[in-house]
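**Student:** Next up, final-v3.txt (compact mmCIF, C-alpha atoms).
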# COMPACT_ATOMS: atom_id res chain seq x y z
CA MET A 4 -193.35 -51.11 85.69
CA ARG A 5 -190.31 -50.77 83.45
CA PRO A 6 -187.81 -53.63 83.03
CA ALA A 7 -184.85 -53.66 85.40
CA ALA A 8 -181.85 -51.68 84.17
CA PRO A 9 -178.95 -53.74 82.81
CA LYS A 10 -176.29 -54.69 85.32
CA GLN A 11 -173.56 -52.11 85.69
CA GLY A 12 -170.17 -53.13 84.31
CA LYS A 13 -167.24 -53.43 86.69
CA ARG A 14 -163.51 -53.75 86.41
CA ILE A 15 -162.56 -57.38 85.97
CA LEU A 16 -159.46 -59.28 87.02
CA LEU A 17 -158.12 -59.45 83.46
CA GLU A 18 -158.00 -55.63 83.32
CA ARG A 19 -155.46 -55.67 86.12
CA ILE A 20 -153.11 -57.76 83.96
CA GLY A 21 -151.92 -54.90 81.79
CA ILE A 22 -149.76 -56.95 79.42
CA ILE A 23 -152.81 -58.95 78.24
CA TRP A 24 -155.48 -56.29 78.49
CA LYS A 25 -153.72 -53.61 76.44
CA HIS A 26 -153.27 -56.01 73.52
CA LEU A 27 -157.01 -56.78 73.30
CA ASN A 28 -159.03 -54.69 70.86
CA PHE A 29 -162.26 -52.98 71.88
CA THR A 30 -164.57 -55.73 70.66
CA TRP A 31 -162.87 -58.44 72.69
CA LYS A 32 -162.71 -56.19 75.75
CA SER A 33 -166.47 -55.66 75.57
CA THR A 34 -166.97 -59.41 75.05
CA VAL A 35 -164.99 -60.32 78.17
CA ARG A 36 -166.80 -57.68 80.25
CA ASN A 37 -170.20 -58.92 79.07
CA LEU A 38 -169.32 -62.50 80.05
CA ILE A 39 -168.38 -61.47 83.57
CA ARG A 40 -171.42 -59.17 83.85
CA TYR A 41 -173.80 -62.15 83.51
CA LYS A 42 -172.05 -64.58 85.86
CA LYS A 43 -174.99 -66.96 86.27
CA ARG A 44 -175.36 -67.50 82.53
CA PHE A 45 -171.57 -67.68 82.21
CA PHE A 46 -171.30 -70.65 84.57
CA MET A 47 -174.47 -72.33 83.25
CA THR A 48 -173.10 -72.24 79.71
CA ILE A 49 -169.66 -73.47 80.72
CA PHE A 50 -171.07 -76.43 82.65
CA GLY A 51 -173.58 -77.17 79.89
CA ILE A 52 -170.90 -77.27 77.21
CA GLY A 53 -168.53 -78.98 79.65
CA GLY A 54 -171.13 -81.71 80.23
CA CYS A 55 -171.51 -82.23 76.49
CA MET A 56 -167.76 -82.37 76.02
CA ALA A 57 -167.37 -84.75 78.99
CA LEU A 58 -169.94 -87.22 77.59
CA MET A 59 -168.24 -87.19 74.21
CA VAL A 60 -164.84 -87.78 75.80
CA VAL A 61 -166.36 -90.70 77.71
CA GLY A 62 -167.91 -92.12 74.52
CA PHE A 63 -164.73 -91.93 72.47
CA GLY A 64 -162.66 -92.95 75.51
CA LEU A 65 -164.70 -96.12 76.02
CA LYS A 66 -164.07 -96.99 72.38
CA ASP A 67 -160.33 -96.48 72.88
CA CYS A 68 -160.12 -98.49 76.10
CA ILE A 69 -162.43 -101.39 75.25
CA TYR A 70 -161.68 -101.98 71.58
CA GLU A 71 -157.91 -101.86 71.99
CA ILE A 72 -157.60 -104.62 74.61
CA VAL A 73 -157.39 -107.26 71.85
CA SER A 74 -154.42 -105.62 70.15
CA LEU A 75 -152.77 -104.85 73.49
CA GLN A 76 -153.16 -108.42 74.75
CA TYR A 77 -152.15 -110.29 71.61
CA GLU A 78 -149.52 -107.94 70.22
CA LYS A 79 -147.77 -106.58 73.31
CA VAL A 80 -148.42 -109.16 76.06
CA GLN A 81 -148.98 -112.57 74.43
CA PHE A 82 -147.55 -113.15 70.96
CA TYR A 83 -147.70 -116.88 70.36
CA ASP A 84 -149.99 -118.36 67.74
CA ALA A 85 -151.46 -121.47 69.37
CA ALA A 86 -151.33 -123.71 72.41
CA THR A 87 -151.83 -127.49 72.52
CA TYR A 88 -153.32 -128.76 75.79
CA MET A 89 -152.57 -132.30 76.94
CA SER A 90 -153.74 -134.47 79.82
CA ASP A 91 -151.53 -134.74 82.91
CA ASP A 92 -151.04 -138.47 82.38
CA ILE A 93 -149.62 -138.19 78.85
CA SER A 94 -146.99 -140.85 78.16
CA GLU A 95 -143.44 -139.90 77.24
CA GLU A 96 -143.89 -141.67 73.93
CA ASN A 97 -146.90 -139.52 72.99
CA ARG A 98 -145.15 -136.39 74.21
CA GLN A 99 -142.13 -137.20 72.05
CA GLN A 100 -144.38 -137.75 69.01
CA LEU A 101 -145.81 -134.26 69.40
CA HIS A 102 -142.37 -132.71 69.76
CA ASP A 103 -141.02 -134.63 66.78
CA TYR A 104 -143.79 -133.35 64.54
CA LEU A 105 -143.47 -129.72 65.72
CA ASP A 106 -139.65 -129.74 65.56
CA GLN A 107 -139.62 -131.18 62.04
CA ASN A 108 -142.29 -128.80 60.69
CA ALA A 109 -140.55 -126.12 58.61
CA ASP A 110 -143.35 -123.60 59.32
CA ILE A 111 -142.87 -123.70 63.10
CA LYS A 112 -140.67 -120.93 64.45
CA GLU A 113 -140.39 -121.89 68.10
CA THR A 114 -142.03 -124.05 70.79
CA ILE A 115 -141.98 -124.22 74.56
CA GLU A 116 -143.59 -126.48 77.15
CA ALA A 117 -145.51 -125.16 80.13
CA ARG A 118 -147.76 -126.31 82.92
CA MET A 119 -151.17 -124.61 82.90
CA GLN A 120 -153.72 -125.25 85.61
CA LYS A 121 -156.67 -123.44 87.09
CA THR A 122 -156.27 -122.82 90.81
CA ASP A 123 -157.50 -120.65 93.67
CA VAL A 124 -155.34 -118.05 95.35
CA LYS A 125 -156.15 -115.99 98.41
CA SER A 126 -154.87 -112.91 100.17
CA ALA A 127 -156.02 -110.94 103.19
CA SER A 128 -158.72 -109.38 100.97
CA GLY A 129 -160.31 -112.59 99.68
CA LYS A 130 -160.02 -115.53 97.30
CA LYS A 131 -160.00 -115.61 93.49
CA THR A 132 -159.47 -118.12 90.68
CA LEU A 133 -156.71 -117.77 88.10
CA TYR A 134 -154.43 -119.77 85.80
CA LEU A 135 -151.14 -120.95 87.27
CA MET A 136 -148.53 -121.07 84.52
CA VAL A 137 -145.10 -122.70 84.87
CA PRO A 138 -142.89 -122.43 81.75
CA SER A 139 -140.16 -125.00 81.16
CA ASP A 140 -137.58 -122.27 80.53
CA ASN A 141 -137.46 -118.89 82.32
CA GLU A 142 -135.62 -117.13 79.49
CA LYS A 143 -137.27 -118.78 76.49
CA ILE A 144 -140.77 -117.85 77.73
CA GLU A 145 -139.93 -114.20 76.99
CA ASP A 146 -140.17 -115.08 73.28
CA PHE A 147 -143.86 -115.87 73.84
CA LEU A 148 -144.89 -113.53 76.67
CA SER A 149 -143.84 -110.06 77.75
CA PHE A 150 -143.65 -109.28 81.46
CA HIS A 151 -143.73 -105.49 81.80
CA SER A 152 -145.42 -102.68 83.68
CA ARG A 153 -148.42 -100.97 82.11
CA THR A 154 -147.61 -97.56 83.56
CA ASN A 155 -143.88 -97.70 82.77
CA LYS A 156 -143.15 -99.48 79.49
CA ASP A 157 -139.40 -99.42 80.18
CA GLU A 158 -139.89 -101.52 83.30
CA VAL A 159 -139.52 -105.11 82.06
CA TYR A 160 -139.48 -108.11 84.41
CA SER A 161 -137.87 -111.52 84.25
CA LEU A 162 -139.24 -114.67 85.83
CA LYS A 163 -136.96 -115.20 88.84
CA LYS A 164 -136.40 -118.46 90.67
CA ASP A 165 -137.63 -117.30 94.07
CA GLU A 166 -140.51 -114.95 93.14
CA VAL A 167 -143.75 -114.99 91.14
CA ILE A 168 -145.31 -112.58 88.66
CA LEU A 169 -149.01 -111.69 89.02
CA THR A 170 -151.17 -109.99 86.39
CA GLU A 171 -152.42 -106.47 87.13
CA LYS A 172 -156.20 -106.97 87.30
CA MET A 173 -155.87 -109.90 89.71
CA ALA A 174 -153.49 -107.87 91.88
CA SER A 175 -156.19 -105.19 92.04
CA LEU A 176 -158.95 -107.72 92.87
CA LEU A 177 -156.87 -109.27 95.64
CA ASN A 178 -155.60 -105.87 96.77
CA VAL A 179 -151.97 -106.95 96.77
CA LYS A 180 -148.81 -105.16 95.67
CA VAL A 181 -145.19 -106.12 95.08
CA GLY A 182 -143.74 -107.74 98.20
CA ASP A 183 -147.08 -109.05 99.51
CA GLU A 184 -147.76 -112.73 100.02
CA LEU A 185 -150.31 -114.97 98.26
CA THR A 186 -151.51 -118.42 99.19
CA ILE A 187 -151.94 -120.97 96.41
CA GLU A 188 -154.59 -123.48 97.44
CA ASP A 189 -154.12 -127.16 96.58
CA GLU A 190 -156.22 -129.87 98.23
CA ASP A 191 -153.88 -132.69 97.20
CA ARG A 192 -150.48 -131.18 97.99
CA GLY A 193 -151.37 -128.55 100.55
CA ASP A 194 -151.51 -124.75 100.42
CA GLN A 195 -148.32 -122.88 99.52
CA THR A 196 -147.37 -119.26 100.19
CA VAL A 197 -145.45 -117.19 97.62
CA THR A 198 -144.20 -113.60 97.46
CA VAL A 199 -145.32 -111.35 94.61
CA GLY A 200 -142.15 -110.21 92.86
CA ALA A 201 -143.75 -108.16 90.07
CA ILE A 202 -147.13 -107.12 88.70
CA CYS A 203 -147.36 -107.21 84.90
CA GLU A 204 -149.70 -105.78 82.28
CA ASN A 205 -152.45 -108.15 81.15
CA TYR A 206 -155.99 -107.69 79.83
CA MET A 207 -157.59 -111.09 79.19
CA SER A 208 -157.96 -113.65 82.03
CA HIS A 209 -155.70 -113.77 85.08
CA TYR A 210 -152.34 -115.49 85.47
CA LEU A 211 -149.80 -116.29 88.15
CA TYR A 212 -146.40 -117.12 86.65
CA LEU A 213 -144.00 -119.42 88.53
CA SER A 214 -140.51 -120.51 87.55
CA PRO A 215 -139.96 -124.30 87.35
CA GLU A 216 -137.43 -123.99 90.19
CA LYS A 217 -139.98 -122.25 92.42
CA TYR A 218 -142.64 -124.84 91.58
CA GLU A 219 -140.31 -127.69 92.53
CA GLU A 220 -139.34 -125.89 95.74
CA LEU A 221 -143.00 -125.50 96.73
CA TYR A 222 -144.29 -128.97 95.85
CA GLY A 223 -141.13 -131.08 96.06
CA VAL A 224 -141.55 -132.50 92.53
CA PRO A 225 -140.80 -131.09 89.06
CA ALA A 226 -143.72 -129.56 87.18
CA GLU A 227 -145.59 -131.91 84.83
CA TYR A 228 -145.95 -129.92 81.62
CA ASN A 229 -149.36 -130.25 79.99
CA THR A 230 -149.18 -127.50 77.33
CA ILE A 231 -147.06 -126.92 74.24
CA ILE A 232 -147.05 -123.32 73.04
CA TYR A 233 -145.84 -122.60 69.51
CA SER A 234 -145.36 -119.75 67.04
CA VAL A 235 -145.14 -119.97 63.27
CA LYS A 236 -142.68 -118.15 61.05
CA ASP A 237 -143.54 -114.79 59.48
CA GLY A 238 -145.86 -115.15 56.51
CA LYS A 239 -147.01 -118.62 57.59
CA ASP A 240 -150.17 -117.58 59.43
CA ASP A 241 -152.27 -119.70 57.08
CA GLN A 242 -150.52 -122.80 58.43
CA ILE A 243 -151.52 -122.32 62.09
CA GLU A 244 -154.82 -124.19 61.91
CA LYS A 245 -153.41 -126.79 59.52
CA ILE A 246 -150.76 -127.65 62.10
CA GLY A 247 -153.41 -127.91 64.79
CA THR A 248 -155.58 -130.13 62.61
CA LYS A 249 -152.62 -132.40 62.01
CA LEU A 250 -151.93 -132.65 65.75
CA LEU A 251 -155.52 -133.64 66.42
CA SER A 252 -155.50 -136.18 63.58
CA MET A 253 -152.47 -137.98 65.05
CA ASP A 254 -154.99 -139.91 67.18
CA LEU A 255 -153.20 -139.26 70.48
CA PRO A 256 -155.74 -139.56 73.32
CA ALA A 257 -153.61 -137.32 75.53
CA VAL A 258 -154.20 -134.28 73.25
CA LEU A 259 -157.29 -132.61 74.70
CA SER A 260 -157.65 -129.40 72.66
CA ILE A 261 -155.87 -126.68 70.72
CA SER A 262 -156.42 -122.98 71.26
CA TYR A 263 -155.71 -120.57 68.39
CA THR A 264 -154.91 -116.96 69.19
CA GLU A 265 -156.57 -115.76 65.98
CA SER A 266 -159.84 -117.52 66.93
CA THR A 267 -159.76 -115.92 70.35
CA ILE A 268 -159.25 -112.48 68.79
CA GLU A 269 -162.26 -112.98 66.46
CA MET A 270 -164.44 -114.13 69.36
CA VAL A 271 -163.55 -111.12 71.51
CA ASP A 272 -164.08 -108.76 68.56
CA ARG A 273 -167.60 -110.16 68.07
CA MET A 274 -168.35 -109.63 71.75
CA LEU A 275 -167.10 -106.04 71.69
CA SER A 276 -168.85 -105.11 68.44
CA THR A 277 -172.18 -104.74 70.26
CA LEU A 278 -170.71 -101.92 72.34
CA GLY A 279 -170.52 -99.72 69.25
CA VAL A 280 -174.24 -98.95 69.51
CA VAL A 281 -173.89 -97.91 73.16
CA ILE A 282 -171.00 -95.59 72.34
CA LEU A 283 -172.91 -94.08 69.38
CA VAL A 284 -175.95 -93.40 71.62
CA LEU A 285 -173.67 -91.72 74.16
CA ILE A 286 -172.12 -89.43 71.54
CA VAL A 287 -175.50 -88.53 69.97
CA SER A 288 -176.96 -87.81 73.41
CA ALA A 289 -174.03 -85.53 74.17
CA GLY A 290 -174.65 -83.65 70.94
CA MET A 291 -178.34 -83.22 71.73
CA LEU A 292 -177.43 -81.96 75.19
CA ALA A 293 -175.08 -79.41 73.66
CA PHE A 294 -177.72 -78.19 71.24
CA VAL A 295 -180.48 -77.88 73.88
CA VAL A 296 -178.24 -76.12 76.41
CA LEU A 297 -176.72 -73.70 73.91
CA TYR A 298 -180.04 -72.95 72.20
CA ASN A 299 -181.87 -72.20 75.47
CA LEU A 300 -179.06 -70.11 76.94
CA ASN A 301 -178.67 -68.15 73.72
CA SER A 302 -182.42 -67.51 73.56
CA ILE A 303 -182.38 -66.22 77.14
CA ASN A 304 -179.29 -64.13 76.37
CA ILE A 305 -180.89 -62.46 73.34
CA THR A 306 -184.23 -61.87 75.11
CA GLU A 307 -182.56 -60.26 78.14
CA ARG A 308 -180.39 -58.04 75.96
CA GLN A 309 -182.96 -57.18 73.31
CA ARG A 310 -182.85 -53.43 74.02
CA GLU A 311 -179.07 -53.45 74.10
CA LEU A 312 -178.87 -55.18 70.73
CA ALA A 313 -181.59 -52.94 69.28
CA THR A 314 -179.56 -49.92 70.38
CA LEU A 315 -176.54 -51.25 68.49
CA LYS A 316 -178.70 -51.42 65.36
CA VAL A 317 -179.84 -47.84 65.94
CA LEU A 318 -176.19 -46.81 66.16
CA GLY A 319 -175.58 -48.26 62.71
CA PHE A 320 -174.49 -51.87 63.34
CA TYR A 321 -175.47 -54.25 60.55
CA ASP A 322 -177.09 -57.62 61.28
CA GLY A 323 -173.78 -59.45 60.76
CA GLU A 324 -171.98 -57.10 63.15
CA VAL A 325 -174.64 -57.53 65.83
CA ALA A 326 -174.47 -61.30 65.40
CA SER A 327 -170.67 -61.32 65.68
CA TYR A 328 -171.00 -59.22 68.87
CA VAL A 329 -172.95 -62.13 70.42
CA TYR A 330 -171.07 -64.91 68.65
CA ARG A 331 -167.75 -63.88 70.15
CA GLU A 332 -169.17 -64.57 73.59
CA ASN A 333 -170.48 -67.97 72.49
CA ILE A 334 -167.16 -68.95 70.90
CA LEU A 335 -165.20 -67.97 74.01
CA LEU A 336 -167.64 -69.84 76.25
CA THR A 337 -167.42 -72.90 73.98
CA ILE A 338 -163.62 -72.96 74.26
CA ILE A 339 -163.65 -72.52 78.05
CA GLY A 340 -166.45 -75.10 78.44
CA SER A 341 -164.56 -77.58 76.25
CA VAL A 342 -161.44 -77.31 78.43
CA VAL A 343 -163.58 -77.87 81.54
CA GLY A 344 -165.28 -80.80 79.74
CA MET A 345 -161.93 -82.46 79.01
CA VAL A 346 -161.11 -82.51 82.71
CA LEU A 347 -164.60 -83.68 83.73
CA GLY A 348 -164.64 -86.27 80.93
CA ASN A 349 -161.32 -87.71 82.02
CA LEU A 350 -162.52 -88.11 85.62
CA LEU A 351 -165.90 -89.53 84.54
CA HIS A 352 -164.19 -91.92 82.12
CA ARG A 353 -161.96 -93.33 84.87
CA TYR A 354 -164.98 -93.97 87.07
CA ILE A 355 -167.06 -95.59 84.29
CA ILE A 356 -164.22 -97.85 83.09
CA LEU A 357 -163.75 -99.25 86.60
CA THR A 358 -167.52 -99.62 87.03
CA VAL A 359 -168.36 -101.46 83.78
CA GLU A 360 -165.24 -103.63 83.77
CA VAL A 361 -165.97 -107.35 84.03
CA GLU A 362 -163.95 -109.47 86.43
CA GLU A 363 -162.35 -111.65 83.75
CA ALA A 364 -160.85 -108.75 81.78
CA MET A 365 -159.15 -105.43 82.26
CA PHE A 366 -159.99 -102.59 79.91
CA GLY A 367 -157.43 -100.05 78.77
CA ARG A 368 -156.88 -96.89 80.77
CA GLN A 369 -155.64 -94.47 78.12
CA ILE A 370 -157.74 -91.99 76.14
CA HIS A 371 -156.06 -91.19 72.81
CA TRP A 372 -155.48 -87.55 71.92
CA GLN A 373 -157.60 -88.03 68.79
CA SER A 374 -160.63 -88.66 71.04
CA TYR A 375 -160.17 -85.28 72.72
CA LEU A 376 -159.82 -83.66 69.30
CA TYR A 377 -162.96 -85.31 67.87
CA SER A 378 -164.95 -84.39 70.99
CA PHE A 379 -163.81 -80.77 70.74
CA LEU A 380 -164.61 -80.55 67.01
CA PHE A 381 -168.11 -82.02 67.52
CA THR A 382 -168.76 -79.59 70.38
CA VAL A 383 -167.61 -76.64 68.26
CA ALA A 384 -169.76 -77.88 65.36
CA PHE A 385 -172.88 -77.95 67.56
CA SER A 386 -172.03 -74.48 68.88
CA LEU A 387 -171.66 -73.11 65.34
CA PHE A 388 -174.96 -74.70 64.33
CA VAL A 389 -176.72 -72.99 67.25
CA ASN A 390 -175.10 -69.68 66.27
CA TRP A 391 -176.46 -70.13 62.75
CA VAL A 392 -179.96 -70.77 64.09
CA MET A 393 -179.70 -67.74 66.41
CA PHE A 394 -178.72 -65.45 63.54
CA TYR A 395 -182.31 -65.37 62.28
CA LYS A 396 -183.54 -64.51 65.76
CA LEU A 397 -181.05 -61.65 66.00
CA LYS A 398 -182.10 -60.45 62.55
CA LYS A 399 -185.72 -60.05 63.72
CA ILE A 400 -184.81 -57.60 66.49
CA ASP A 401 -186.39 -54.26 65.55
Would you kindly transcribe this structure into structure tokens?

**Tutor:**
Amino acid sequence: MRPAAPKQGKRILLERIGIIWKHLNFTWKSTVRNLIRYKKRFFMTIFGIGGCMALMVVGFGLKDCIYEIVSLQYEKVQFYDAATYMSDDISEENRQQLHDYLDQNADIKETIEARMQKTDVKSASGKKTLYLMVPSDNEKIEDFLSFHSRTNKDEVYSLKKDEVILTEKMASLLNVKVGDELTIEDEDRGDQTVTVGAICENYMSHYLYLSPEKYEELYGVPAEYNTIIYSVKDGKDDQIEKIGTKLLSMDLPAVLSISYTESTIEMVDRMLSTLGVVILVLIVSAGMLAFVVLYNLNSINITERQRELATLKVLGFYDGEVASYVYRENILLTIIGSVVGMVLGNLLHRYIILTVEVEEAMFGRQIHWQSYLYSFLFTVAFSLFVNWVMFYKLKKID
């Protein structure tokens, strides 16, 4: 009718590593042995804390990867200020008027012409829609766009005459890699096949970049440029929209619209702002999970070891010393669980990012080290709070 005797202690693996074991004091040796003695609770606590840590890493990681796409796209990939879109049948006189105004404007830093058109491309895996962009100058376009690898920042590409550059998300959707072929569909001039020469980093929309030489080789005629891209000088950001307003007021029917990078950034920021609530709910839920798991496991731990802890009090241990005897186990489990949670959180984050990603955009892939730090500190804070609550339960042991 009596309760089962406590489990007998055994030699553990750490004891066989003499260099480590002999430097541990008695209290930590007893802590490690107690953890291994209750293996079921050991693993339950680790996975409970690991789950909490993983959810927090996912929450902060989503914030890192989703919120930063605006700065990545418009500071590291595209760094022009505005683009003026014209009809394909614009007259040379109207085109020259636009260039004269932009060239004579002291606030304009640089301009370049390009052909921009929406088209379908297909590979062995399917068909998708993207923007085909043909700059008027292969070298000058690098002042407005950066063609580089996301995984290797030192790997920078140039727009070559005989190859094309495809953006990363579209390459993933079409399941193509460097050296594969793509078919550009065109009902009027026939389908054309090109070889992917490079895959570049890009987050907003999808692009296929062709050199003017390659375009002329494919279609037999030079590209008809329907876009003027321009950047303003440093400190002249307030002139961007004024320049656009002036272009529209010139009463040229061939000017269809003007796109401002700053307006696009504000629009995307408004769209992403609603995700803040989702991320907050995720972090709060992770904290509640940590509290429930730690509180229940600590309650079970104290109940199962009530006679053991009472014996320590009989031997002269004060309440604080008895509490620290249990707390050391909790602290060690919290650290181990947090490390496990970092690994689980990283794997879960990768899966969620690919799952929630919309087709028209690519989210970031990098979790900042600060997110791991914040997740760890929150997890430790919840663990310390549970220890504080448990102190009063330990104090009541007769």

**Student:** Any chance you could work out the axis-aligned box around stretch 59-62 of chain A, listed atoms only, 3 Å on each side, giving centre and edge lengths in Å to one decimal, as AutoDock Vina command-line options?

**Tutor:**
--center_x -166.5 --center_y -89.7 --center_z 76.0 --size_x 9.4 --size_y 10.9 --size_z 9.5

**Student:** If you measure from atom CA of A:Ile243 to atom CA of A:Ala364, what distance in Å do you get, rounded to one decimal?

**Tutor:** 25.7 Å

**Student:** Identify, on the basis of all atoms listed in the file, every residue whose closest approach to A:Glu362 does not exceed 12 Å; exclude the query and any residue fewer than 4 positions from it along the same chain; express the result as a ChimeraX atom specification.

**Tutor:** /A:131-133,171-177,206-209,357-358,366

**Student:** So how many Å separate atom CA of A:Val181 and atom CA of A:Ala201, to one decimal?

**Tutor:**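 One can read the atom CA of A:Val181 to atom CA of A:Ala201 distance as 5.6 Å.
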
**Student:** Under the rule that all atoms listed in the file are counted, which of A:Ala117, A:Val296, A:Leu250, A:Val124 is the nearest residue to A:Asp194?

**Tutor:** A:Val124

**Student:** With distances taken over all atoms listed in the file, which residue among A:Asn229, A:Ser386, A:Gln309, A:Thr34 lies nearest A:Asp401?

**Tutor:**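 Using all atoms listed in the file, the shortest distance to A:Asp401 belongs to A:Gln309.
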
**Student:** Measuring between all atoms listed in the file, which one of A:Leu38, A:Leu397, A:Ile52, A:Ala257 shows the shortest distance to A:Ala289?

**Tutor:**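 When distances to A:Ala289 are compared using all atoms listed in the file, the smallest one comes from A:Ile52.
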
**Student:** Find the spatial neighbours of A:Phe45, counting only C-alpha atoms, within a cut-off of 12 Å - ignore same-chain residues fewer than 6 positions away - and output them as a list of chain:residue names.

**Tutor:**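 My reading of the contact set: A:Thr34, A:Val35, A:Arg36, A:Asn37, A:Leu38, A:Ile39, A:Gly51, A:Ile52, A:Gly53, A:Leu297, A:Leu300, A:Asn301, A:Asn304, A:Glu332, A:Asn333, A:Leu335, A:Leu336, A:Thr337, A:Ile339, A:Gly340.
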
**Student:** Any idea what the distance is between atom CA of A:Asp84 and atom CA of A:Gly238?

**Tutor:**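 For atom CA of A:Asp84 relative to atom CA of A:Gly238, the distance reads 12.4 Å.
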
**Student:** For each of A:Ala226, A:Ile338, A:Ile400, A:Leu380, take the minimum atom-to-atom distance to A:Thr306, counting only C-alpha atoms, then give the residue where this is smallest.

**Tutor:**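 Once distances to A:Thr306 are computed over only C-alpha atoms, the minimum belongs to A:Ile400.
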
**Student:** Which is closest to A:Ser378 among A:Ala109, A:Val60, A:Leu347, A:Ala326, if we use all atoms listed in the file?

**Tutor:**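 Going through A:Ala109, A:Val60, A:Leu347, A:Ala326 one by one, the smallest distance to A:Ser378 is for A:Val60.
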
**Student:** Considering only C-alpha atoms, state which residue in the set A:Ile115, A:Ile49, A:Ala293, A:Leu185 is at the smallest distance from A:Ile231.

**Tutor:**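 Closest candidate: A:Ile115.
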
**Student:** Give me the residues within 8 Å of A:Ile356 as a PDB file with C-alpha atoms, in the coordinates of the input, counting only C-alpha atoms and dropping any in the same chain fewer than 3 places off.

**Tutor:**
ATOM      1  CA  LEU A  65    -164.700 -96.120  76.020  1.00  0.00           C
ATOM      2  CA  HIS A 352    -164.190 -91.920  82.120  1.00  0.00           C
ATOM      3  CA  ARG A 353    -161.960 -93.330  84.870  1.00  0.00           C
ATOM      4  CA  VAL A 359    -168.360-101.460  83.780  1.00  0.00           C
ATOM      5  CA  GLU A 360    -165.240-103.630  83.770  1.00  0.00           C
ATOM      6  CA  PHE A 366    -159.990-102.590  79.910  1.00  0.00           C
ATOM      7  CA  ARG A 368    -156.880 -96.890  80.770  1.00  0.00           C
TER       8      ARG A 368
END
